[in-house]
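J.: Okay, so here is final.pdb, and as you'll see once you scroll down, it has PDB, C-alpha atoms, pLDDT in the B column.
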```
ATOM      1  CA  MET Y   1     -17.353  22.507  -9.687  1.00 39.00           C
ATOM      2  CA  ASP Y   2     -16.387  22.212  -6.013  1.00 42.00           C
ATOM      3  CA  THR Y   3     -16.350  25.501  -4.129  1.00 40.00           C
ATOM      4  CA  ALA Y   4     -14.934  26.510  -0.766  1.00 37.00           C
ATOM      5  CA  ASP Y   5     -17.104  25.936   2.269  1.00 42.00           C
ATOM      6  CA  ASP Y   6     -15.889  26.324   5.864  1.00 39.00           C
ATOM      7  CA  SER Y   7     -18.332  23.631   7.005  1.00 42.00           C
ATOM      8  CA  SER Y   8     -16.841  21.081   4.626  1.00 46.00           C
ATOM      9  CA  LEU Y   9     -15.636  17.838   6.150  1.00 53.00           C
ATOM     10  CA  GLY Y  10     -16.901  18.874   9.573  1.00 49.00           C
ATOM     11  CA  PRO Y  11     -14.645  17.705  12.430  1.00 44.00           C
ATOM     12  CA  LEU Y  12     -12.040  16.319  10.045  1.00 48.00           C
ATOM     13  CA  THR Y  13     -10.869  19.845   9.257  1.00 39.00           C
ATOM     14  CA  GLU Y  14     -10.551  20.968  12.857  1.00 43.00           C
ATOM     15  CA  ASP Y  15      -7.209  20.330  14.551  1.00 38.00           C
ATOM     16  CA  VAL Y  16      -6.665  17.072  12.677  1.00 39.00           C
ATOM     17  CA  PRO Y  17      -3.069  16.232  11.755  1.00 39.00           C
ATOM     18  CA  SER Y  18      -2.235  15.472   8.152  1.00 40.00           C
ATOM     19  CA  ILE Y  19      -2.781  11.776   7.395  1.00 49.00           C
ATOM     20  CA  GLY Y  20      -0.636   9.949   4.875  1.00 54.00           C
ATOM     21  CA  PHE Y  21      -1.741   6.907   2.895  1.00 53.00           C
ATOM     22  CA  LEU Y  22       0.571   4.539   1.054  1.00 51.00           C
ATOM     23  CA  ASP Y  23      -0.294   1.969  -1.597  1.00 54.00           C
ATOM     24  CA  ASP Y  24       0.683  -1.279   0.149  1.00 53.00           C
ATOM     25  CA  GLY Y  25       0.145  -3.484  -2.884  1.00 53.00           C
ATOM     26  CA  LYS Y  26      -3.126  -4.847  -1.513  1.00 55.00           C
ATOM     27  CA  ASN Y  27      -5.173  -1.716  -0.913  1.00 70.00           C
ATOM     28  CA  THR Y  28      -4.926   1.337  -3.132  1.00 85.00           C
ATOM     29  CA  ILE Y  29      -4.782   4.795  -1.609  1.00 88.00           C
ATOM     30  CA  GLY Y  30      -8.299   5.332  -2.954  1.00 88.00           C
ATOM     31  CA  SER Y  31      -9.642   2.255  -1.167  1.00 89.00           C
ATOM     32  CA  GLN Y  32      -7.938   3.284   2.074  1.00 90.00           C
ATOM     33  CA  LEU Y  33      -9.452   6.745   1.793  1.00 91.00           C
ATOM     34  CA  ALA Y  34     -12.865   5.206   1.122  1.00 91.00           C
ATOM     35  CA  SER Y  35     -12.574   3.123   4.307  1.00 88.00           C
ATOM     36  CA  ARG Y  36     -11.567   6.157   6.380  1.00 89.00           C
ATOM     37  CA  LEU Y  37     -14.359   8.326   5.003  1.00 91.00           C
ATOM     38  CA  ARG Y  38     -16.895   5.494   5.263  1.00 89.00           C
ATOM     39  CA  GLU Y  39     -16.194   5.161   8.989  1.00 86.00           C
ATOM     40  CA  ALA Y  40     -16.393   8.941   9.429  1.00 87.00           C
ATOM     41  CA  ILE Y  41     -19.821   9.005   7.769  1.00 90.00           C
ATOM     42  CA  ILE Y  42     -21.240   5.957   9.534  1.00 87.00           C
ATOM     43  CA  SER Y  43     -20.035   7.156  12.944  1.00 82.00           C
ATOM     44  CA  GLY Y  44     -21.461  10.631  12.395  1.00 83.00           C
ATOM     45  CA  GLU Y  45     -18.069  12.325  12.371  1.00 86.00           C
ATOM     46  CA  LEU Y  46     -19.136  13.662   8.975  1.00 89.00           C
ATOM     47  CA  GLU Y  47     -22.684  14.955   9.322  1.00 90.00           C
ATOM     48  CA  ALA Y  48     -25.472  13.944   6.965  1.00 90.00           C
ATOM     49  CA  GLY Y  49     -25.877  16.462   4.170  1.00 91.00           C
ATOM     50  CA  SER Y  50     -22.554  18.193   4.851  1.00 93.00           C
ATOM     51  CA  LYS Y  51     -20.407  19.340   1.940  1.00 94.00           C
ATOM     52  CA  ILE Y  52     -17.121  17.599   1.199  1.00 92.00           C
ATOM     53  CA  ASN Y  53     -14.622  20.155  -0.036  1.00 91.00           C
ATOM     54  CA  LEU Y  54     -12.050  18.388  -2.189  1.00 90.00           C
ATOM     55  CA  ASP Y  55      -9.232  20.815  -1.511  1.00 91.00           C
ATOM     56  CA  LYS Y  56      -9.644  20.587   2.259  1.00 91.00           C
ATOM     57  CA  ALA Y  57      -9.999  16.808   2.109  1.00 89.00           C
ATOM     58  CA  ARG Y  58      -6.865  16.546  -0.044  1.00 89.00           C
ATOM     59  CA  LYS Y  59      -4.864  18.575   2.476  1.00 89.00           C
ATOM     60  CA  THR Y  60      -6.324  16.760   5.469  1.00 86.00           C
ATOM     61  CA  PHE Y  61      -5.399  13.336   4.105  1.00 87.00           C
ATOM     62  CA  ASN Y  62      -2.229  14.498   2.321  1.00 88.00           C
ATOM     63  CA  VAL Y  63      -3.222  12.928  -0.993  1.00 89.00           C
ATOM     64  CA  SER Y  64      -3.737  14.021  -4.570  1.00 89.00           C
ATOM     65  CA  LEU Y  65      -7.159  14.536  -6.136  1.00 91.00           C
ATOM     66  CA  SER Y  66      -7.073  11.317  -8.159  1.00 91.00           C
ATOM     67  CA  PRO Y  67      -7.216   8.811  -5.246  1.00 91.00           C
ATOM     68  CA  LEU Y  68      -9.583  11.125  -3.382  1.00 92.00           C
ATOM     69  CA  ARG Y  69     -12.037  11.046  -6.268  1.00 92.00           C
ATOM     70  CA  GLU Y  70     -11.596   7.264  -6.469  1.00 92.00           C
ATOM     71  CA  GLY Y  71     -12.477   6.921  -2.789  1.00 92.00           C
ATOM     72  CA  LEU Y  72     -15.507   9.176  -3.113  1.00 94.00           C
ATOM     73  CA  ALA Y  73     -16.706   7.230  -6.175  1.00 94.00           C
ATOM     74  CA  ARG Y  74     -16.694   4.079  -4.050  1.00 93.00           C
ATOM     75  CA  LEU Y  75     -18.807   5.800  -1.425  1.00 94.00           C
ATOM     76  CA  ILE Y  76     -21.261   7.028  -4.051  1.00 95.00           C
ATOM     77  CA  SER Y  77     -21.817   3.413  -5.084  1.00 91.00           C
ATOM     78  CA  ASP Y  78     -22.315   2.572  -1.393  1.00 90.00           C
ATOM     79  CA  GLY Y  79     -25.051   5.206  -1.075  1.00 92.00           C
ATOM     80  CA  LEU Y  80     -23.098   7.220   1.499  1.00 93.00           C
ATOM     81  CA  VAL Y  81     -22.009  10.141  -0.717  1.00 95.00           C
ATOM     82  CA  GLU Y  82     -23.834  12.072  -3.430  1.00 95.00           C
ATOM     83  CA  PHE Y  83     -22.446  14.127  -6.324  1.00 93.00           C
ATOM     84  CA  GLN Y  84     -24.294  16.876  -8.153  1.00 88.00           C
ATOM     85  CA  ASP Y  85     -23.026  18.967 -11.054  1.00 86.00           C
ATOM     86  CA  ASN Y  86     -22.027  22.481  -9.964  1.00 80.00           C
ATOM     87  CA  ARG Y  87     -22.540  21.529  -6.303  1.00 85.00           C
ATOM     88  CA  GLY Y  88     -19.860  18.893  -5.772  1.00 91.00           C
ATOM     89  CA  TYR Y  89     -19.792  16.116  -3.205  1.00 94.00           C
ATOM     90  CA  ARG Y  90     -21.973  15.866  -0.118  1.00 95.00           C
ATOM     91  CA  VAL Y  91     -22.562  13.265   2.541  1.00 95.00           C
ATOM     92  CA  ALA Y  92     -25.845  11.565   1.677  1.00 94.00           C
ATOM     93  CA  PRO Y  93     -28.779  12.955   3.692  1.00 93.00           C
ATOM     94  CA  ILE Y  94     -30.883  10.905   6.078  1.00 92.00           C
ATOM     95  CA  SER Y  95     -34.659  10.533   6.155  1.00 93.00           C
ATOM     96  CA  LEU Y  96     -37.404   8.360   7.562  1.00 94.00           C
ATOM     97  CA  ALA Y  97     -38.206   7.077   4.073  1.00 94.00           C
ATOM     98  CA  ASN Y  98     -34.593   5.993   3.521  1.00 94.00           C
ATOM     99  CA  LEU Y  99     -34.457   4.298   6.914  1.00 95.00           C
ATOM    100  CA  GLU Y 100     -37.680   2.409   6.224  1.00 96.00           C
ATOM    101  CA  GLU Y 101     -36.375   1.255   2.840  1.00 97.00           C
ATOM    102  CA  VAL Y 102     -33.071   0.104   4.335  1.00 97.00           C
ATOM    103  CA  THR Y 103     -34.889  -1.751   7.122  1.00 97.00           C
ATOM    104  CA  SER Y 104     -37.305  -3.522   4.781  1.00 97.00           C
ATOM    105  CA  LEU Y 105     -34.497  -4.551   2.421  1.00 98.00           C
ATOM    106  CA  ARG Y 106     -32.450  -5.902   5.314  1.00 98.00           C
ATOM    107  CA  GLU Y 107     -35.424  -7.941   6.476  1.00 98.00           C
ATOM    108  CA  GLU Y 108     -35.706  -9.516   3.039  1.00 98.00           C
ATOM    109  CA  LEU Y 109     -32.092  -9.912   1.900  1.00 98.00           C
ATOM    110  CA  GLU Y 110     -30.314 -10.592   5.188  1.00 98.00           C
ATOM    111  CA  VAL Y 111     -32.880 -13.183   6.229  1.00 98.00           C
ATOM    112  CA  PHE Y 112     -32.578 -14.841   2.805  1.00 98.00           C
ATOM    113  CA  ALA Y 113     -28.769 -14.819   3.153  1.00 98.00           C
ATOM    114  CA  LEU Y 114     -29.041 -16.459   6.567  1.00 98.00           C
ATOM    115  CA  ARG Y 115     -31.354 -19.129   5.167  1.00 98.00           C
ATOM    116  CA  GLU Y 116     -28.856 -19.877   2.400  1.00 98.00           C
ATOM    117  CA  SER Y 117     -26.003 -19.936   4.899  1.00 98.00           C
ATOM    118  CA  MET Y 118     -27.813 -22.529   6.989  1.00 98.00           C
ATOM    119  CA  ARG Y 119     -28.310 -24.594   3.863  1.00 97.00           C
ATOM    120  CA  LEU Y 120     -24.720 -24.358   2.633  1.00 98.00           C
ATOM    121  CA  GLY Y 121     -22.602 -23.425   5.644  1.00 97.00           C
ATOM    122  CA  ASP Y 122     -20.083 -25.923   7.016  1.00 97.00           C
ATOM    123  CA  VAL Y 123     -18.712 -26.644  10.482  1.00 97.00           C
ATOM    124  CA  GLU Y 124     -16.188 -23.823  10.152  1.00 98.00           C
ATOM    125  CA  TRP Y 125     -19.063 -21.400   9.507  1.00 98.00           C
ATOM    126  CA  GLU Y 126     -20.794 -22.638  12.659  1.00 98.00           C
ATOM    127  CA  GLY Y 127     -17.624 -22.135  14.694  1.00 98.00           C
ATOM    128  CA  ASN Y 128     -17.093 -18.649  13.295  1.00 98.00           C
ATOM    129  CA  ILE Y 129     -20.607 -17.656  14.368  1.00 98.00           C
ATOM    130  CA  MET Y 130     -20.122 -18.816  17.937  1.00 98.00           C
ATOM    131  CA  ARG Y 131     -16.715 -17.126  18.187  1.00 98.00           C
ATOM    132  CA  ALA Y 132     -18.138 -13.870  16.837  1.00 98.00           C
ATOM    133  CA  LEU Y 133     -21.049 -14.108  19.291  1.00 98.00           C
ATOM    134  CA  HIS Y 134     -18.708 -14.784  22.213  1.00 97.00           C
ATOM    135  CA  ARG Y 135     -16.504 -11.789  21.359  1.00 96.00           C
ATOM    136  CA  LEU Y 136     -19.542  -9.521  21.006  1.00 95.00           C
ATOM    137  CA  ASN Y 137     -21.267 -10.599  24.205  1.00 93.00           C
ATOM    138  CA  ARG Y 138     -18.025 -10.332  26.181  1.00 93.00           C
ATOM    139  CA  THR Y 139     -17.374  -6.770  25.031  1.00 90.00           C
ATOM    140  CA  GLU Y 140     -18.462  -3.849  27.166  1.00 84.00           C
ATOM    141  CA  ARG Y 141     -20.355  -0.938  25.644  1.00 79.00           C
ATOM    142  CA  ASP Y 142     -20.145   2.168  27.841  1.00 74.00           C
ATOM    143  CA  ALA Y 143     -21.517   5.430  26.429  1.00 68.00           C
ATOM    144  CA  ALA Y 144     -19.157   7.348  28.725  1.00 71.00           C
ATOM    145  CA  ARG Y 145     -16.132   5.767  27.010  1.00 76.00           C
ATOM    146  CA  PRO Y 146     -16.253   6.222  23.216  1.00 72.00           C
ATOM    147  CA  GLU Y 147     -13.454   3.719  22.631  1.00 76.00           C
ATOM    148  CA  THR Y 148     -15.628   0.895  24.003  1.00 78.00           C
ATOM    149  CA  LEU Y 149     -18.480   1.938  21.711  1.00 78.00           C
ATOM    150  CA  GLU Y 150     -16.269   1.816  18.624  1.00 80.00           C
ATOM    151  CA  HIS Y 151     -14.954  -1.637  19.552  1.00 87.00           C
ATOM    152  CA  TRP Y 152     -18.449  -2.983  20.227  1.00 87.00           C
ATOM    153  CA  GLU Y 153     -19.739  -1.590  16.939  1.00 86.00           C
ATOM    154  CA  ALA Y 154     -16.955  -3.305  14.993  1.00 89.00           C
ATOM    155  CA  LEU Y 155     -17.734  -6.647  16.658  1.00 94.00           C
ATOM    156  CA  HIS Y 156     -21.470  -6.147  16.122  1.00 94.00           C
ATOM    157  CA  ARG Y 157     -20.907  -5.692  12.396  1.00 94.00           C
ATOM    158  CA  GLU Y 158     -18.608  -8.736  12.338  1.00 97.00           C
ATOM    159  CA  PHE Y 159     -21.291 -10.873  13.995  1.00 98.00           C
ATOM    160  CA  HIS Y 160     -24.020  -9.947  11.518  1.00 98.00           C
ATOM    161  CA  LEU Y 161     -21.757 -10.502   8.516  1.00 98.00           C
ATOM    162  CA  THR Y 162     -20.479 -13.811   9.905  1.00 98.00           C
ATOM    163  CA  LEU Y 163     -24.065 -15.052  10.192  1.00 98.00           C
ATOM    164  CA  ILE Y 164     -24.538 -14.721   6.433  1.00 98.00           C
ATOM    165  CA  SER Y 165     -20.970 -15.505   5.352  1.00 98.00           C
ATOM    166  CA  GLY Y 166     -21.893 -19.057   4.332  1.00 98.00           C
ATOM    167  CA  CYS Y 167     -24.551 -18.043   1.812  1.00 98.00           C
ATOM    168  CA  GLY Y 168     -22.336 -18.825  -1.184  1.00 98.00           C
ATOM    169  CA  LYS Y 169     -23.608 -15.767  -3.062  1.00 98.00           C
ATOM    170  CA  PRO Y 170     -21.001 -12.956  -3.274  1.00 98.00           C
ATOM    171  CA  LEU Y 171     -23.427 -10.379  -4.698  1.00 98.00           C
ATOM    172  CA  LEU Y 172     -26.005 -11.089  -2.012  1.00 98.00           C
ATOM    173  CA  PHE Y 173     -23.342 -10.806   0.694  1.00 98.00           C
ATOM    174  CA  HIS Y 174     -22.147  -7.512  -0.822  1.00 96.00           C
ATOM    175  CA  PHE Y 175     -25.653  -6.046  -0.914  1.00 97.00           C
ATOM    176  CA  CYS Y 176     -26.240  -7.061   2.703  1.00 97.00           C
ATOM    177  CA  SER Y 177     -22.952  -5.455   3.705  1.00 96.00           C
ATOM    178  CA  LEU Y 178     -23.964  -2.176   2.047  1.00 95.00           C
ATOM    179  CA  LEU Y 179     -27.352  -2.225   3.753  1.00 96.00           C
ATOM    180  CA  LEU Y 180     -25.704  -2.869   7.103  1.00 95.00           C
ATOM    181  CA  ASN Y 181     -23.518   0.208   6.556  1.00 91.00           C
ATOM    182  CA  LEU Y 182     -26.551   2.330   5.769  1.00 93.00           C
ATOM    183  CA  ASN Y 183     -28.446   0.982   8.771  1.00 93.00           C
ATOM    184  CA  ASP Y 184     -25.497   1.433  11.153  1.00 89.00           C
ATOM    185  CA  ARG Y 185     -25.285   5.063  10.117  1.00 88.00           C
ATOM    186  CA  TYR Y 186     -28.718   5.709  11.619  1.00 88.00           C
ATOM    187  CA  ARG Y 187     -28.183   3.514  14.647  1.00 84.00           C
ATOM    188  CA  ARG Y 188     -24.787   4.865  15.620  1.00 80.00           C
ATOM    189  CA  VAL Y 189     -25.637   8.529  15.160  1.00 71.00           C
ATOM    190  CA  PHE Y 190     -29.017   8.542  16.879  1.00 67.00           C
ATOM    191  CA  LEU Y 191     -29.056   5.609  19.292  1.00 60.00           C
ATOM    192  CA  ILE Y 192     -25.455   5.392  20.439  1.00 62.00           C
ATOM    193  CA  ARG Y 193     -26.370   6.980  23.791  1.00 58.00           C
ATOM    194  CA  THR Y 194     -29.942   5.731  23.986  1.00 55.00           C
ATOM    195  CA  SER Y 195     -30.661   2.773  26.237  1.00 46.00           C
ATOM    196  CA  GLY Y 196     -32.450  -0.010  24.419  1.00 49.00           C
ATOM    197  CA  ASP Y 197     -35.824  -1.414  25.293  1.00 53.00           C
ATOM    198  CA  ARG Y 198     -34.703  -5.025  25.005  1.00 62.00           C
ATOM    199  CA  ASN Y 199     -31.867  -7.446  25.671  1.00 85.00           C
ATOM    200  CA  VAL Y 200     -29.914  -7.224  22.437  1.00 89.00           C
ATOM    201  CA  GLY Y 201     -27.329  -9.717  23.669  1.00 91.00           C
ATOM    202  CA  GLN Y 202     -30.024 -12.330  24.183  1.00 94.00           C
ATOM    203  CA  GLU Y 203     -31.407 -11.679  20.696  1.00 95.00           C
ATOM    204  CA  HIS Y 204     -27.977 -12.197  19.153  1.00 96.00           C
ATOM    205  CA  SER Y 205     -27.570 -15.428  21.107  1.00 97.00           C
ATOM    206  CA  GLU Y 206     -30.961 -16.759  19.988  1.00 97.00           C
ATOM    207  CA  ILE Y 207     -30.193 -16.015  16.325  1.00 98.00           C
ATOM    208  CA  ALA Y 208     -26.755 -17.641  16.542  1.00 98.00           C
ATOM    209  CA  GLN Y 209     -27.961 -20.749  18.355  1.00 98.00           C
ATOM    210  CA  GLY Y 210     -30.834 -21.203  15.911  1.00 98.00           C
ATOM    211  CA  ALA Y 211     -28.480 -20.825  12.955  1.00 98.00           C
ATOM    212  CA  VAL Y 212     -25.954 -23.350  14.248  1.00 98.00           C
ATOM    213  CA  ALA Y 213     -28.778 -25.791  15.052  1.00 97.00           C
ATOM    214  CA  ARG Y 214     -29.997 -25.342  11.452  1.00 97.00           C
ATOM    215  CA  ASP Y 215     -33.439 -24.410  12.734  1.00 98.00           C
ATOM    216  CA  VAL Y 216     -34.300 -22.351   9.666  1.00 98.00           C
ATOM    217  CA  GLY Y 217     -37.735 -21.116  10.739  1.00 98.00           C
ATOM    218  CA  TYR Y 218     -36.620 -20.114  14.223  1.00 98.00           C
ATOM    219  CA  ALA Y 219     -33.336 -18.420  13.270  1.00 98.00           C
ATOM    220  CA  CYS Y 220     -34.764 -16.515  10.308  1.00 98.00           C
ATOM    221  CA  GLU Y 221     -37.741 -15.245  12.275  1.00 98.00           C
ATOM    222  CA  LYS Y 222     -35.504 -14.166  15.179  1.00 98.00           C
ATOM    223  CA  LEU Y 223     -33.264 -12.253  12.772  1.00 98.00           C
ATOM    224  CA  ARG Y 224     -36.233 -10.640  11.048  1.00 98.00           C
ATOM    225  CA  GLN Y 225     -37.682  -9.540  14.404  1.00 97.00           C
ATOM    226  CA  HIS Y 226     -34.282  -8.243  15.499  1.00 96.00           C
ATOM    227  CA  ILE Y 227     -33.898  -6.083  12.376  1.00 96.00           C
ATOM    228  CA  HIS Y 228     -37.522  -4.911  12.507  1.00 96.00           C
ATOM    229  CA  ARG Y 229     -37.357  -3.868  16.173  1.00 93.00           C
ATOM    230  CA  THR Y 230     -34.144  -1.973  15.576  1.00 91.00           C
ATOM    231  CA  GLY Y 231     -35.781  -0.167  12.645  1.00 93.00           C
ATOM    232  CA  THR Y 232     -38.823   0.711  14.754  1.00 92.00           C
ATOM    233  CA  ASN Y 233     -36.678   2.101  17.571  1.00 89.00           C
ATOM    234  CA  LEU Y 234     -34.669   4.175  15.097  1.00 90.00           C
ATOM    235  CA  ARG Y 235     -37.794   5.450  13.350  1.00 91.00           C
ATOM    236  CA  ASN Y 236     -39.316   6.569  16.650  1.00 88.00           C
ATOM    237  CA  HIS Y 237     -36.088   8.222  17.707  1.00 85.00           C
ATOM    238  CA  LEU Y 238     -35.734  10.063  14.390  1.00 86.00           C
ATOM    239  CA  ALA Y 239     -39.317  11.312  14.684  1.00 85.00           C
ATOM    240  CA  THR Y 240     -38.563  12.866  18.086  1.00 83.00           C
ATOM    241  CA  LYS Y 241     -35.627  14.697  16.466  1.00 78.00           C
ATOM    242  CA  GLY Y 242     -37.893  16.151  13.789  1.00 79.00           C
ATOM    243  CA  ILE Y 243     -36.335  14.128  10.944  1.00 81.00           C
ATOM    244  CA  ALA Y 244     -38.883  13.672   8.188  1.00 76.00           C
TER     245      ALA Y 244
END
```
Would you put the structure from the file into structure tokens?

T.:
Amino acid sequence: MDTADDSSLGPLTEDVPSIGFLDDGKNTIGSQLASRLREAIISGELEAGSKINLDKARKTFNVSLSPLREGLARLISDGLVEFQDNRGYRVAPISLANLEEVTSLREELEVFALRESMRLGDVEWEGNIMRALHRLNRTERDAARPETLEHWEALHREFHLTLISGCGKPLLFHFCSLLLNLNDRYRRVFLIRTSGDRNVGQEHSEIAQGAVARDVGYACEKLRQHIHRTGTNLRNHLATKGIA
């Protein structure tokens, strides 16, 4: 049973106006809530391990319990929320072990999805990659201006998903999307203000150019290295924060 907790929902309960959701015929209220909460968790607005009080969430979003539970159920399947009897809902915790698992799975599944995309992708897929790369590389990311960070992050996710969008395997694409969410949660919370040790823009360009050229060995290895280096940087950063 969910109990009151003043820490529930973190920043979402502090000076946040009531938000209304409407079923538009395409997206249910539950799916819209899931998207809003997913972004709050990935961005760190909702802290790892924090309790989600249903009554406060219902009032914050101006919805009934039914769509709220639907949205939370979606996030449980995404690995972003946990539910325990007599303790209610909580944002999934973070750990080095979880990060390492997410990183290793991305190296395997995302690289496989890219290989399949190069085998099956058409000219439109190639064009989509280059457009996504151009938008990403032309977008400024300034830690002093949060709005630029949010825009860059959205384009970064779009680029990685576009790379594998030609794989022809919906389940594989879905799994990769979930893993990217889990990975972004670590990256955005802990490295958003940390300067990188490499030229990420160049890495993205090398992966994209290799993919479009159908150079399977080159593109897949560049993507694997890109994911691995990001995981290593995150792991080192988490260790300095005392995250076990």

J.: Taking all atoms listed in the file into account, which of Y:Ala208, Y:Glu150, Y:Asp184, Y:Leu72 comes nearest Y:Asn128?

T.: Y:Ala208

J.: Just so the selection is clear, what residues does the PyMOL selection byres ((chain Y and resi 215-218) around 12) cover here, as a PyMOL selection string?

T.: chain Y and resi 111-119+203+206-214+219-225

J.: On this file, the PyMOL selection byres ((chain Y and resi 155) around 9) gives some set of residues; write that set as a ChimeraX atom specification.

T.: /Y:132-133,135-136,139,150-154,156-160

J.: Let me make sure I understand: among Y:Arg69, Y:Leu109, Y:Arg145, Y:Thr103, which one has the smallest atom-to-atom distance to Y:Cys167 if we use all atoms listed in the file?

T.: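 Once distances to Y:Cys167 are computed over all atoms listed in the file, the minimum belongs to Y:Leu109.
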
J.: Quick check, in Å to one decimal: how far apart do atom CA of Y:Phe175 and atom CA of Y:Glu110 lie?

T.: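 Computed distance, atom CA of Y:Phe175 to atom CA of Y:Glu110, equals 8.9 Å.
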
J.: Measuring between only C-alpha atoms, which one of Y:Gln202, Y:Ser64, Y:Asn137, Y:Ser50 shows the shortest distance to Y:Ile94?

T.: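 Smallest separation from Y:Ile94 among the options: Y:Ser50.
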
J.: Please evaluate the PyMOL selection byres ((chain Y and resi 241) around 12) against the structure above and give the resulting residues as a short mmCIF file (atom, residue, chain, number, x, y, z; two decimals) with C-alpha atoms, in the coordinates of the input.

T.:
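And here is the file that came out, selection-v2.cif:
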```cif
data_model
loop_
_atom_site.label_atom_id
_atom_site.label_comp_id
_atom_site.auth_asym_id
_atom_site.auth_seq_id
_atom_site.Cartn_x
_atom_site.Cartn_y
_atom_site.Cartn_z
CA SER Y 95 -34.66 10.53 6.16
CA LEU Y 96 -37.40 8.36 7.56
CA VAL Y 189 -25.64 8.53 15.16
CA PHE Y 190 -29.02 8.54 16.88
CA LEU Y 191 -29.06 5.61 19.29
CA LEU Y 234 -34.67 4.18 15.10
CA ARG Y 235 -37.79 5.45 13.35
CA ASN Y 236 -39.32 6.57 16.65
CA HIS Y 237 -36.09 8.22 17.71
CA LEU Y 238 -35.73 10.06 14.39
CA ALA Y 239 -39.32 11.31 14.68
CA THR Y 240 -38.56 12.87 18.09
CA GLY Y 242 -37.89 16.15 13.79
CA ILE Y 243 -36.34 14.13 10.94
CA ALA Y 244 -38.88 13.67 8.19
#
```

J.: In Å, how far is it from atom CA of Y:Ala144 to atom CA of Y:Arg38?

T.: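 Atom CA of Y:Arg38 lies 23.6 Å from atom CA of Y:Ala144.
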
J.: Could you check the closest approach to Y:Gly168 for each of Y:Trp125, Y:Glu100, Y:Glu140, Y:Arg188 and tell me which residue wins, using all atoms listed in the file?

T.: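 The shortest atom-to-atom distance to Y:Gly168 comes from Y:Trp125.
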
J.: Give me the box for stretch 112-124 of chain Y as lines of an AutoDock Vina configuration file, namely the centre and edge lengths in Å to one decimal of a box along x, y and z that holds every listed atom plus 4 Å on each side.

T.:
```
center_x = -24.4
center_y = -20.7
center_z = 6.4
size_x = 24.4
size_y = 19.8
size_z = 16.1
```

J.: Kindly extract all protein, DNA and RNA residues lying within 7 Å of the coordinates (-10.6, 9.7, -1.2) given in the file, considering all atoms listed in the file, and supply them as a PyMOL selection string.

T.: chain Y and resi 30+33-34+67-72

J.: Hey, which of Y:Leu161, Y:Leu105, Y:Ala92, Y:Met130 ends up closest to Y:Gly79? Count all atoms listed in the file.

T.: Y:Ala92

J.: What does the structure give for the distance between atom CA of Y:Gly121 and atom CA of Y:Asn181, in Å to one decimal?

T.: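 Rounded to one decimal, the two atoms are 23.7 Å apart.
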
J.: Which residue gives the smallest distance to Y:Ser177 among Y:Asp78, Y:Glu126, Y:Glu108, Y:Asp142, with all atoms listed in the file counted?

T.: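 Residue with the minimum atom-to-atom distance to Y:Ser177: Y:Asp78.
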
J.: Quick one: residues within 12 Å of Y:Ala48, all atoms listed in the file counted, chain neighbours fewer than 5 positions away excluded, as a count of residues only?

T.: 24
